[in-house]
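Printed here is structure.cif (mmCIF, C-alpha atoms and all ligand atoms):
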data_target
#
loop_
_atom_site.label_atom_id
_atom_site.label_comp_id
_atom_site.auth_asym_id
_atom_site.auth_seq_id
_atom_site.Cartn_x
_atom_site.Cartn_y
_atom_site.Cartn_z
CA ALA B 1 41.72 10.12 -11.19
CA ALA B 2 41.86 8.58 -7.72
CA ALA B 3 39.74 5.61 -8.68
CA SER B 4 41.54 5.01 -11.96
CA ALA B 5 44.74 4.21 -10.04
CA LEU B 6 42.96 1.15 -8.61
CA ALA B 7 42.20 -2.18 -10.15
CA GLY B 8 38.60 -2.31 -11.34
CA PHE B 9 35.83 -3.73 -9.19
CA ASP B 10 35.51 -7.52 -9.50
CA GLY B 11 31.73 -7.47 -9.04
CA THR B 12 31.49 -8.80 -5.47
CA GLY B 13 31.56 -6.23 -2.67
CA ARG B 14 32.88 -7.64 0.58
CA LEU B 15 34.74 -6.76 3.74
CA ALA B 16 38.07 -8.28 4.79
CA ASP B 17 36.23 -10.98 6.76
CA GLY B 18 34.08 -11.95 3.80
CA HIS B 19 30.97 -10.08 5.03
CA ARG B 20 28.98 -9.25 1.87
CA ILE B 21 28.09 -5.67 1.09
CA PRO B 22 26.72 -5.51 -2.47
CA LEU B 23 27.84 -2.40 -4.38
CA LEU B 24 25.13 -1.04 -6.66
CA ALA B 25 24.88 1.89 -9.05
CA ASN B 26 22.81 5.07 -9.16
CA VAL B 27 21.54 5.61 -12.71
CA ALA B 28 18.96 7.65 -14.61
CA THR B 29 19.11 6.34 -18.19
CA GLY B 30 19.93 3.29 -20.27
CA ALA B 31 23.32 4.85 -21.09
CA ASP B 32 24.05 5.22 -17.37
CA ALA B 33 23.03 1.60 -16.86
CA ALA B 34 25.42 0.46 -19.59
CA ALA B 35 28.24 2.34 -17.83
CA ALA B 36 27.22 0.79 -14.51
CA ALA B 37 27.26 -2.70 -15.98
CA ALA B 38 30.69 -2.01 -17.50
CA ALA B 39 31.90 -0.99 -14.02
CA ASN B 40 30.70 -4.40 -12.70
CA ALA B 41 28.06 -2.86 -10.43
CA GLU B 42 26.12 -5.72 -8.82
CA GLY B 43 22.84 -4.11 -9.76
CA VAL B 44 21.09 -0.76 -9.62
CA GLY B 45 20.35 0.66 -6.18
CA LEU B 46 18.65 3.81 -7.43
CA LEU B 47 17.01 4.41 -10.81
CA ARG B 48 15.96 8.08 -10.73
CA THR B 49 12.99 7.92 -13.10
CA GLU B 50 12.25 11.65 -13.10
CA PHE B 51 15.45 12.43 -15.00
CA ALA B 52 14.12 10.88 -18.21
CA PHE B 53 11.14 13.22 -18.12
CA LEU B 54 12.45 16.53 -16.69
CA ASP B 55 11.76 18.48 -19.89
CA ARG B 56 8.28 17.05 -20.49
CA PRO B 57 5.31 19.38 -20.28
CA ALA B 58 2.96 16.39 -19.97
CA GLU B 59 2.98 12.98 -18.32
CA PRO B 60 4.89 10.46 -20.46
CA THR B 61 2.74 7.78 -22.06
CA HIS B 62 2.63 4.19 -20.84
CA ASP B 63 4.74 3.02 -23.80
CA GLU B 64 7.33 5.78 -23.31
CA GLN B 65 7.68 4.79 -19.67
CA VAL B 66 7.94 1.07 -20.41
CA ALA B 67 10.70 1.83 -22.94
CA ALA B 68 12.63 4.11 -20.56
CA TYR B 69 12.59 1.63 -17.67
CA GLY B 70 13.28 -1.37 -19.90
CA ALA B 71 16.35 0.45 -21.28
CA VAL B 72 17.82 0.15 -17.77
CA PHE B 73 16.49 -3.31 -16.85
CA GLU B 74 18.02 -4.89 -19.95
CA HIS B 75 21.56 -4.17 -18.72
CA PHE B 76 21.08 -6.16 -15.50
CA PRO B 77 19.58 -9.53 -16.42
CA GLY B 78 18.88 -11.53 -13.28
CA ARG B 79 20.18 -8.68 -11.12
CA LYS B 80 18.49 -6.37 -8.67
CA VAL B 81 17.26 -3.02 -10.01
CA VAL B 82 15.70 -0.64 -7.47
CA ILE B 83 13.50 1.79 -9.36
CA ARG B 84 12.22 4.93 -7.66
CA THR B 85 8.87 6.42 -8.58
CA LEU B 86 8.90 10.02 -9.76
CA ASP B 87 10.63 12.34 -7.28
CA ALA B 88 9.08 15.52 -8.64
CA GLY B 89 9.46 18.81 -6.84
CA ALA B 90 12.05 20.98 -5.09
CA ASP B 91 15.37 20.48 -6.93
CA LYS B 92 13.67 18.29 -9.59
CA PRO B 93 10.48 20.05 -10.77
CA LEU B 94 8.35 18.21 -13.34
CA PRO B 95 5.91 20.49 -15.18
CA PHE B 96 3.08 17.94 -15.00
CA LEU B 97 3.41 17.40 -11.23
CA THR B 98 5.02 20.44 -9.64
CA ASP B 99 3.37 23.65 -8.44
CA THR B 100 6.24 26.09 -8.91
CA ALA B 101 4.47 28.76 -6.84
CA GLU B 102 5.11 26.97 -3.54
CA PRO B 103 7.01 29.22 -1.12
CA ASN B 104 9.15 26.34 0.27
CA PRO B 105 9.49 23.70 -2.46
CA ALA B 106 11.73 21.39 -0.42
CA LEU B 107 8.97 21.24 2.19
CA GLY B 108 6.20 21.08 -0.36
CA VAL B 109 4.27 18.62 -2.47
CA ARG B 110 7.17 16.55 -3.76
CA GLY B 111 7.98 12.89 -4.27
CA TYR B 112 5.34 10.50 -2.96
CA ARG B 113 3.25 13.47 -1.79
CA THR B 114 2.33 14.36 -5.37
CA ASP B 115 -0.03 11.38 -5.44
CA THR B 116 -2.46 13.27 -3.23
CA ALA B 117 -2.36 16.51 -5.27
CA THR B 118 -2.29 14.79 -8.68
CA PRO B 119 -3.85 11.34 -8.31
CA GLY B 120 -3.32 8.77 -11.05
CA VAL B 121 0.24 9.49 -12.17
CA LEU B 122 1.73 7.17 -9.54
CA ALA B 123 -0.65 4.29 -10.28
CA ARG B 124 0.03 4.63 -14.00
CA GLN B 125 3.78 4.68 -13.36
CA LEU B 126 3.56 1.52 -11.26
CA ALA B 127 1.64 -0.18 -14.09
CA ALA B 128 4.36 0.83 -16.57
CA ILE B 129 7.10 -0.41 -14.23
CA ALA B 130 5.28 -3.73 -13.86
CA ASP B 131 4.98 -4.12 -17.63
CA ALA B 132 8.66 -3.27 -18.16
CA ALA B 133 9.64 -5.69 -15.39
CA ALA B 134 7.58 -8.46 -16.98
CA ALA B 135 9.56 -8.09 -20.21
CA HIS B 136 12.96 -8.50 -18.53
CA THR B 137 14.66 -10.83 -16.07
CA ALA B 138 15.99 -8.09 -13.77
CA GLU B 139 14.75 -8.47 -10.18
CA VAL B 140 12.79 -5.23 -9.96
CA TRP B 141 12.23 -3.59 -6.59
CA VAL B 142 10.20 -0.38 -6.47
CA MET B 143 10.44 2.44 -3.93
CA ALA B 144 8.81 5.78 -3.19
CA PRO B 145 10.73 9.00 -2.44
CA MET B 146 9.94 11.42 0.40
CA VAL B 147 7.90 9.08 2.56
CA SER B 148 7.33 10.56 6.02
CA THR B 149 4.93 8.23 7.87
CA PRO B 150 4.03 4.55 8.29
CA GLU B 151 0.60 5.25 6.71
CA GLU B 152 2.29 6.50 3.54
CA ALA B 153 4.58 3.46 3.48
CA ALA B 154 1.62 1.11 3.92
CA ARG B 155 -0.39 2.78 1.17
CA PHE B 156 2.52 2.82 -1.27
CA ALA B 157 3.36 -0.82 -0.62
CA ARG B 158 -0.28 -1.76 -1.18
CA MET B 159 -0.39 0.16 -4.47
CA ALA B 160 2.83 -1.47 -5.69
CA HIS B 161 1.78 -4.95 -4.67
CA ASP B 162 -1.61 -4.40 -6.34
CA ALA B 163 0.22 -3.40 -9.53
CA GLY B 164 1.99 -6.78 -9.47
CA LEU B 165 5.31 -5.55 -8.08
CA PRO B 166 6.14 -7.91 -5.21
CA THR B 167 8.96 -5.95 -3.54
CA ALA B 168 8.01 -2.42 -2.46
CA GLY B 169 10.09 -0.16 -0.26
CA VAL B 170 10.54 3.43 0.74
CA MET B 171 13.32 5.95 0.78
CA VAL B 172 14.28 7.17 4.21
CA GLU B 173 15.24 10.78 3.61
CA VAL B 174 13.07 12.61 6.13
CA PRO B 175 13.97 12.45 9.85
CA SER B 176 10.45 11.30 10.77
CA ALA B 177 10.90 8.22 8.58
CA ALA B 178 14.24 7.38 10.18
CA LEU B 179 12.78 7.72 13.68
CA THR B 180 9.76 5.51 12.87
CA ALA B 181 11.63 3.01 10.68
CA ALA B 182 10.40 -0.01 12.65
CA HIS B 183 6.77 0.93 11.97
CA ILE B 184 7.49 1.87 8.37
CA LEU B 185 9.26 -1.44 7.77
CA ALA B 186 6.32 -3.33 9.21
CA HIS B 187 4.69 -2.39 5.87
CA ALA B 188 7.55 -1.83 3.43
CA ASP B 189 9.79 -4.63 2.19
CA PHE B 190 12.97 -2.56 2.38
CA ALA B 191 14.33 0.91 3.07
CA SER B 192 16.88 2.95 1.18
CA LEU B 193 18.55 5.88 2.92
CA GLY B 194 18.71 9.02 0.79
CA THR B 195 21.44 10.80 2.66
CA ASN B 196 21.35 13.88 0.42
CA ASP B 197 17.85 14.82 1.51
CA LEU B 198 18.19 13.27 4.97
CA THR B 199 21.10 15.64 5.59
CA GLN B 200 19.21 18.62 4.17
CA TYR B 201 16.20 17.97 6.39
CA THR B 202 18.16 17.05 9.52
CA MET B 203 20.29 20.17 9.33
CA ALA B 204 17.50 22.42 7.93
CA ALA B 205 19.95 23.49 5.23
CA ASP B 206 18.92 23.72 1.57
CA ARG B 207 21.08 21.24 -0.36
CA LEU B 208 21.25 23.65 -3.32
CA LEU B 209 22.91 26.50 -1.39
CA GLY B 210 26.70 26.52 -1.58
CA PRO B 211 27.16 28.71 1.52
CA LEU B 212 25.44 25.97 3.58
CA ALA B 213 27.78 23.20 2.39
CA ALA B 214 29.36 22.75 5.83
CA LEU B 215 25.93 22.01 7.28
CA ASN B 216 25.03 19.81 4.32
CA ASP B 217 27.61 17.23 5.33
CA PRO B 218 26.54 13.60 5.85
CA TRP B 219 29.34 13.24 8.39
CA GLN B 220 27.26 15.41 10.73
CA PRO B 221 26.80 13.10 13.75
CA ALA B 222 23.09 13.98 13.85
CA VAL B 223 22.70 12.44 10.39
CA LEU B 224 24.66 9.36 11.41
CA HIS B 225 22.36 8.90 14.43
CA LEU B 226 19.39 8.83 12.05
CA VAL B 227 21.13 6.25 9.85
CA LYS B 228 21.59 4.13 12.96
CA ALA B 229 17.96 4.65 13.98
CA THR B 230 16.88 3.36 10.57
CA ALA B 231 19.09 0.28 10.72
CA ASP B 232 17.98 -0.43 14.29
CA GLY B 233 14.35 -0.04 13.23
CA ALA B 234 14.90 -2.54 10.44
CA ALA B 235 16.39 -5.00 12.89
CA HIS B 236 13.35 -4.52 15.13
CA ALA B 237 10.95 -5.03 12.21
CA ALA B 238 12.86 -8.17 11.31
CA THR B 239 12.41 -9.60 14.77
CA ALA B 240 8.69 -8.89 14.72
CA THR B 241 8.05 -10.50 11.33
CA GLY B 242 10.81 -13.07 11.09
CA THR B 243 11.93 -11.57 7.78
CA PRO B 244 15.06 -9.44 7.63
CA LYS B 245 14.37 -6.09 5.97
CA PRO B 246 17.23 -4.69 3.86
CA VAL B 247 18.45 -1.15 4.50
CA GLY B 248 20.51 0.28 1.65
CA VAL B 249 22.13 3.68 1.24
CA CYS B 250 21.78 5.47 -2.10
CA GLY B 251 22.80 9.05 -1.25
CA GLU B 252 26.17 10.55 -2.16
CA ALA B 253 27.48 9.50 1.26
CA ALA B 254 27.89 5.94 -0.02
CA ALA B 255 30.46 7.18 -2.57
CA ASP B 256 32.83 8.47 0.15
CA PRO B 257 35.03 5.44 0.95
CA ALA B 258 35.55 6.32 4.62
CA LEU B 259 31.87 7.05 5.11
CA ALA B 260 31.00 3.81 3.31
CA VAL B 261 32.85 1.98 6.10
CA VAL B 262 30.85 3.89 8.72
CA LEU B 263 27.52 3.25 6.97
CA THR B 264 28.32 -0.46 6.81
CA GLY B 265 29.20 -0.45 10.50
CA LEU B 266 25.90 1.28 11.27
CA GLY B 267 24.03 -1.58 9.59
CA ALA B 268 23.60 -0.70 5.91
CA THR B 269 23.16 -3.89 3.87
CA THR B 270 23.92 -2.43 0.40
CA LEU B 271 25.59 0.74 -0.91
CA SER B 272 24.59 2.43 -4.15
CA MET B 273 26.63 5.15 -5.83
CA THR B 274 27.78 6.74 -9.05
CA PRO B 275 29.59 3.96 -10.95
CA ARG B 276 32.92 5.79 -11.03
CA ALA B 277 33.06 5.71 -7.20
CA ILE B 278 32.74 1.93 -6.97
CA PRO B 279 36.44 0.90 -7.33
CA ALA B 280 37.66 3.13 -4.48
CA VAL B 281 34.78 2.18 -2.16
CA ALA B 282 35.30 -1.53 -2.88
CA HIS B 283 39.04 -1.20 -2.28
CA VAL B 284 38.64 0.43 1.13
CA LEU B 285 35.80 -1.85 2.31
CA ALA B 286 37.93 -4.89 1.52
CA THR B 287 40.50 -3.75 4.12
CA VAL B 288 38.18 -3.73 7.16
CA THR B 289 36.26 -6.39 9.06
CA LEU B 290 32.66 -5.87 10.13
CA GLU B 291 33.90 -5.53 13.70
CA THR B 292 36.26 -2.72 12.68
CA ALA B 293 33.50 -1.02 10.68
CA GLN B 294 31.21 -1.18 13.72
CA HIS B 295 33.96 0.22 15.92
CA LEU B 296 34.56 3.13 13.52
CA ALA B 297 30.81 3.73 13.25
CA ALA B 298 30.62 4.01 17.04
CA ALA B 299 33.52 6.47 17.03
CA ALA B 300 31.85 8.63 14.37
CA LEU B 301 28.55 8.60 16.28
CA ALA B 302 30.32 9.69 19.45
CA ALA B 303 32.16 12.58 17.76
CA PRO B 304 30.87 16.05 18.64
CA THR B 305 31.35 17.50 15.16
CA ALA B 306 31.32 16.39 11.52
CA HIS B 307 34.97 17.41 11.26
CA GLN B 308 35.98 15.22 14.19
CA ALA B 309 33.90 12.30 12.96
CA ARG B 310 35.58 12.44 9.55
CA GLU B 311 39.11 12.92 10.90
CA THR B 312 38.78 10.15 13.50
CA VAL B 313 37.64 7.62 10.92
CA ARG B 314 40.10 8.73 8.24
CA ALA B 315 43.02 8.44 10.67
CA ALA B 316 42.08 4.80 11.27
CA LEU B 317 42.07 3.98 7.55
CA PRO B 318 45.61 4.50 6.17
CA VAL B 319 44.47 2.67 3.03
CA LEU B 320 42.80 5.97 2.02
CA ASP B 321 46.27 7.36 1.22
CA GLN B 322 46.53 4.84 -1.64
CA LEU B 323 43.60 6.54 -3.33
CA GLY B 324 45.75 9.59 -4.04
C1 LIG R 401 18.95 11.42 -1.66
O1 LIG R 401 18.16 12.30 -1.32
O2 LIG R 401 19.96 11.10 -1.00
C2 LIG R 401 18.75 10.68 -2.91
C3 LIG R 401 19.46 9.61 -3.20
O3 LIG R 401 17.82 11.16 -3.78
P1 LIG R 401 18.01 12.48 -4.66
O4 LIG R 401 19.45 12.90 -4.55
O5 LIG R 401 17.62 12.08 -6.04
O6 LIG R 401 17.06 13.42 -4.02
MG MG R 402 16.27 12.55 -2.25
#
Please express what this file holds, its structure, as structure tokens.
Ligand code: PEP
Ligand code: MG
Amino acid sequence: AAASALAGFDGTGRLADGHRIPLLANVATGADAAAAAAANAEGVGLLRTEFAFLDRPAEPTHDEQVAAYGAVFEHFPGRKVVIRTLDAGADKPLPFLTDTAEPNPALGVRGYRTDTATPGVLARQLAAIADAAAAHTAEVWVMAPMVSTPEEAARFARMAHDAGLPTAGVMVEVPSAALTAAHILAHADFASLGTNDLTQYTMAADRLLGPLAALNDPWQPAVLHLVKATADGAAHAATATGTPKPVGVCGEAAADPALAVVLTGLGATTLSMTPRAIPAVAHVLATVTLETAQHLAAAALAAPTAHQARETVRAALPVLDQLG
């Protein structure tokens, strides 16, 4: 209801000073992608591939995968689509990849880690993504979930490049990845912050447990420090290689307009969110300069609590009252 009171998004995310911050969509299916295109999303920042196969007892075939990914690519001709390899495990078990007997699934063999326990699925998925990409004009970037070390980032990037996918990145959703982002980005072409899991792992609070919601808050200053560490690491990697490495955010945090300002000020280069959040985020971003965003980011980082971080930033953004 809040967003519907606003004019729709015009398709170019920017701050008041013209600084570009592309606004992308999180999608799982072709139908989601159609809705994202209708909302003028500039591309897809997170294609959650596991959602198309959650009910499958067995690995989907090559042709099934090519069709599922192509159903998203076709809605964004010439646009960026960041596709994530299967994030199986924990809150998203896939029968053909997940050992449901693990005592701590969130700390178990999930995401990229499944390639060690069940070799072959990842390589076959990368081949299917490459074939789907070849049949469409979307600019396909591929990324791995739950990467924890530079070695994992290097190996994934090599696998993706070998499959014919030129742009390979990693999600930063584990504190170790945030703290070693410069080394990770020496290998990976980009990073995308998954603030849902980054918050869960920073606060040691299961994201599925309602009673822990106050801990599972991306405004927690500890989480914001890790976002900054990632952006700073990317800047360091850029200096070493001469090539700037993008750092997006694709967790739910990007859909909170006030937090979107903070994330931009911390150095995020793109924001990806559920399409219905885009108009409000675009509206608020357009009212601040990069300097203001950086100032508010510094204030949030310096706050002792999540509550104070949120209230300090919100008080500086009266435009939020227009969202209803
Ligand atoms: C995240 O962890 O923030 C994320 C975007 O991935 P998912 O919610 O699918 O785990
Ligand atoms: Mg995640």
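Between CA of Leu193 (chain B) and CA of Ala178 (chain B) the interatomic distance comes to 8.6 Å.
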> Which neighbours of Ala235 (chain B) fall inside 8 Å, counting all atoms listed in the file, when residues of the same chain fewer than 3 positions from it are skipped, and could you give them as JSON, numbers by chain?
Replying inline: {"B": [182, 231, 232, 238, 239, 244, 245]}
>> How would you report the residues lying within 6 Å of ligand LIG 401 (chain R), as a VMD selection string, if you count all atoms listed in the file?
In response: chain B and resid 173 194 to 197 250 to 251
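Comparing B:Arg276, B:His62, B:Arg48, B:His75 by their smallest distance to ligand MG 402 (chain R), the closest is B:Arg48 (using all atoms listed in the file).
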>> Need the shell around Lys80 (chain B): protein/DNA/RNA residues with any atom at most 7 Å away, counting all atoms listed in the file. Skip same-chain ones fewer than 3 positions apart. Format as JSON, numbers by chain?
In response: {"B": [43, 44, 138, 139, 140]}
> Once you count only C-alpha atoms and all ligand atoms, which residues end up within 12 Å of ligand MG 402 (chain R), and could you hand them over as a ChimeraX atom specification?
Replying inline: /B:46-48,50,84-92,106,110-112,143-147,170-174,192-201,207,249-252
Return as lines of an AutoDock Vina configuration file the box centre and box size in Å, one decimal, for an axis-aligned box around all listed atoms of region 180-189 of chain B padded by 4 Å per side.
center_x = 8.2
center_y = 0.4
center_z = 7.5
size_x = 14.9
size_y = 18.1
size_z = 18.7
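Residues within 10 Å of Ala52 (chain B), counting only C-alpha atoms and excluding same-chain residues fewer than 5 positions away, are Ala28, Thr29, Gly30, Pro60, Glu64, Gln65, Ala68, Tyr69 and Leu86 of chain B.
Relative to CA of Ala25 (chain B), CA of Ser272 (chain B) is found at 4.9 Å.
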> Looking at all atoms listed in the file, which of B:Ala298, B:Ile278, B:Ala177, B:Ala188 is the one that sits closest to Gly11 (chain B)?
Replying inline: B:Ile278
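If you look at CA of Leu179 (chain B) and CA of Pro221 (chain B), they are 15.0 Å away from each other.
Take the candidates B:Gly169, B:Pro93, B:Pro257, B:Pro304 and check each one against Val281 (chain B) using all atoms listed in the file; the shortest distance goes to B:Pro257.
For the residues B:Asp206, B:Phe51, B:Phe76, B:Glu42, ranking by smallest atom-to-atom distance to Pro105 (chain B) using only C-alpha atoms places B:Asp206 first.
The list of residues within 8 Å of (5.1, 18.6, -20.3), counted using all atoms listed in the file, is Asp55, Arg56, Pro57, Ala58, Glu59, Leu94, Pro95 and Phe96 of chain B.
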For the selection you just gave me, I'd like the residues written to a file as a PDB file, in the frame of the given file, keeping C-alpha atoms.
ATOM      1  CA  ASP B  55      11.760  18.480 -19.890  1.00  0.00           C
ATOM      2  CA  ARG B  56       8.280  17.050 -20.490  1.00  0.00           C
ATOM      3  CA  PRO B  57       5.310  19.380 -20.280  1.00  0.00           C
ATOM      4  CA  ALA B  58       2.960  16.390 -19.970  1.00  0.00           C
ATOM      5  CA  GLU B  59       2.980  12.980 -18.320  1.00  0.00           C
ATOM      6  CA  LEU B  94       8.350  18.210 -13.340  1.00  0.00           C
ATOM      7  CA  PRO B  95       5.910  20.490 -15.180  1.00  0.00           C
ATOM      8  CA  PHE B  96       3.080  17.940 -15.000  1.00  0.00           C
TER       9      PHE B  96
END
Counting all atoms listed in the file, which residues have an atom no more than 9 Å from (14.1, -11.5, -15.9) in the file's coordinates? Please list them as an mmCIF file with C-alpha atoms, keeping the file's coordinate frame.
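Done, and the output landed in out.cif:
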data_model
loop_
_atom_site.group_PDB
_atom_site.id
_atom_site.type_symbol
_atom_site.label_atom_id
_atom_site.label_comp_id
_atom_site.auth_asym_id
_atom_site.auth_seq_id
_atom_site.Cartn_x
_atom_site.Cartn_y
_atom_site.Cartn_z
ATOM 1 C CA PHE B 73 16.490 -3.310 -16.850
ATOM 2 C CA GLU B 74 18.020 -4.890 -19.950
ATOM 3 C CA PHE B 76 21.080 -6.160 -15.500
ATOM 4 C CA PRO B 77 19.580 -9.530 -16.420
ATOM 5 C CA GLY B 78 18.880 -11.530 -13.280
ATOM 6 C CA ARG B 79 20.180 -8.680 -11.120
ATOM 7 C CA ALA B 133 9.640 -5.690 -15.390
ATOM 8 C CA ALA B 134 7.580 -8.460 -16.980
ATOM 9 C CA ALA B 135 9.560 -8.090 -20.210
ATOM 10 C CA HIS B 136 12.960 -8.500 -18.530
ATOM 11 C CA THR B 137 14.660 -10.830 -16.070
ATOM 12 C CA ALA B 138 15.990 -8.090 -13.770
ATOM 13 C CA GLU B 139 14.750 -8.470 -10.180
ATOM 14 C CA VAL B 140 12.790 -5.230 -9.960
#
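Each of B:Leu165, B:Leu122, B:Ala36, B:Leu97 was compared to Val72 (chain B) using all atoms listed in the file, and B:Ala36 turns out to be the nearest.
Shortest atom-to-atom contact with His225 (chain B) among B:Ala277, B:Arg155, B:Thr264, B:Ala302: B:Ala302, counting all atoms listed in the file.
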>> Can you pull out the residues contacting His236 (chain B)? Cut-off 12 Å, using all atoms listed in the file, and skip same-chain residues under 4 positions away; I want them as a VMD selection string.
In response: chain B and resid 180 to 186 229 to 232 240 to 246
Since the input is missing atoms for region 64-76 of chain B, could you rebuild it with N, CA and C atoms and give the result as a CSV table (one decimal), keeping the file's coordinate frame?
chain,number,residue,atom,x,y,z
B,64,GLU,N,6.1,5.0,-23.5
B,64,GLU,CA,7.3,5.8,-23.3
B,64,GLU,C,8.0,5.4,-22.0
B,65,GLN,N,7.1,5.2,-21.0
B,65,GLN,CA,7.7,4.8,-19.7
B,65,GLN,C,8.2,3.4,-19.7
B,66,VAL,N,7.5,2.5,-20.3
B,66,VAL,CA,7.9,1.1,-20.4
B,66,VAL,C,9.3,1.0,-21.1
B,67,ALA,N,9.4,1.8,-22.2
B,67,ALA,CA,10.7,1.8,-22.9
B,67,ALA,C,11.8,2.4,-22.1
B,68,ALA,N,11.6,3.5,-21.4
B,68,ALA,CA,12.6,4.1,-20.6
B,68,ALA,C,13.1,3.2,-19.4
B,69,TYR,N,12.2,2.5,-18.8
B,69,TYR,CA,12.6,1.6,-17.7
B,69,TYR,C,13.2,0.4,-18.2
B,70,GLY,N,12.7,-0.2,-19.3
B,70,GLY,CA,13.3,-1.4,-19.9
B,70,GLY,C,14.7,-1.1,-20.4
B,71,ALA,N,15.0,0.1,-20.8
B,71,ALA,CA,16.4,0.4,-21.3
B,71,ALA,C,17.4,0.3,-20.2
B,72,VAL,N,16.9,0.4,-18.9
B,72,VAL,CA,17.8,0.2,-17.8
B,72,VAL,C,17.8,-1.3,-17.4
B,73,PHE,N,16.6,-1.9,-17.3
B,73,PHE,CA,16.5,-3.3,-16.8
B,73,PHE,C,17.3,-4.2,-17.7
B,74,GLU,N,17.4,-4.0,-19.0
B,74,GLU,CA,18.0,-4.9,-20.0
B,74,GLU,C,19.5,-5.0,-19.7
B,75,HIS,N,20.1,-4.1,-19.0
B,75,HIS,CA,21.6,-4.2,-18.7
B,75,HIS,C,21.9,-5.0,-17.5
B,76,PHE,N,20.8,-5.4,-16.7
B,76,PHE,CA,21.1,-6.2,-15.5
B,76,PHE,C,20.2,-7.4,-15.4
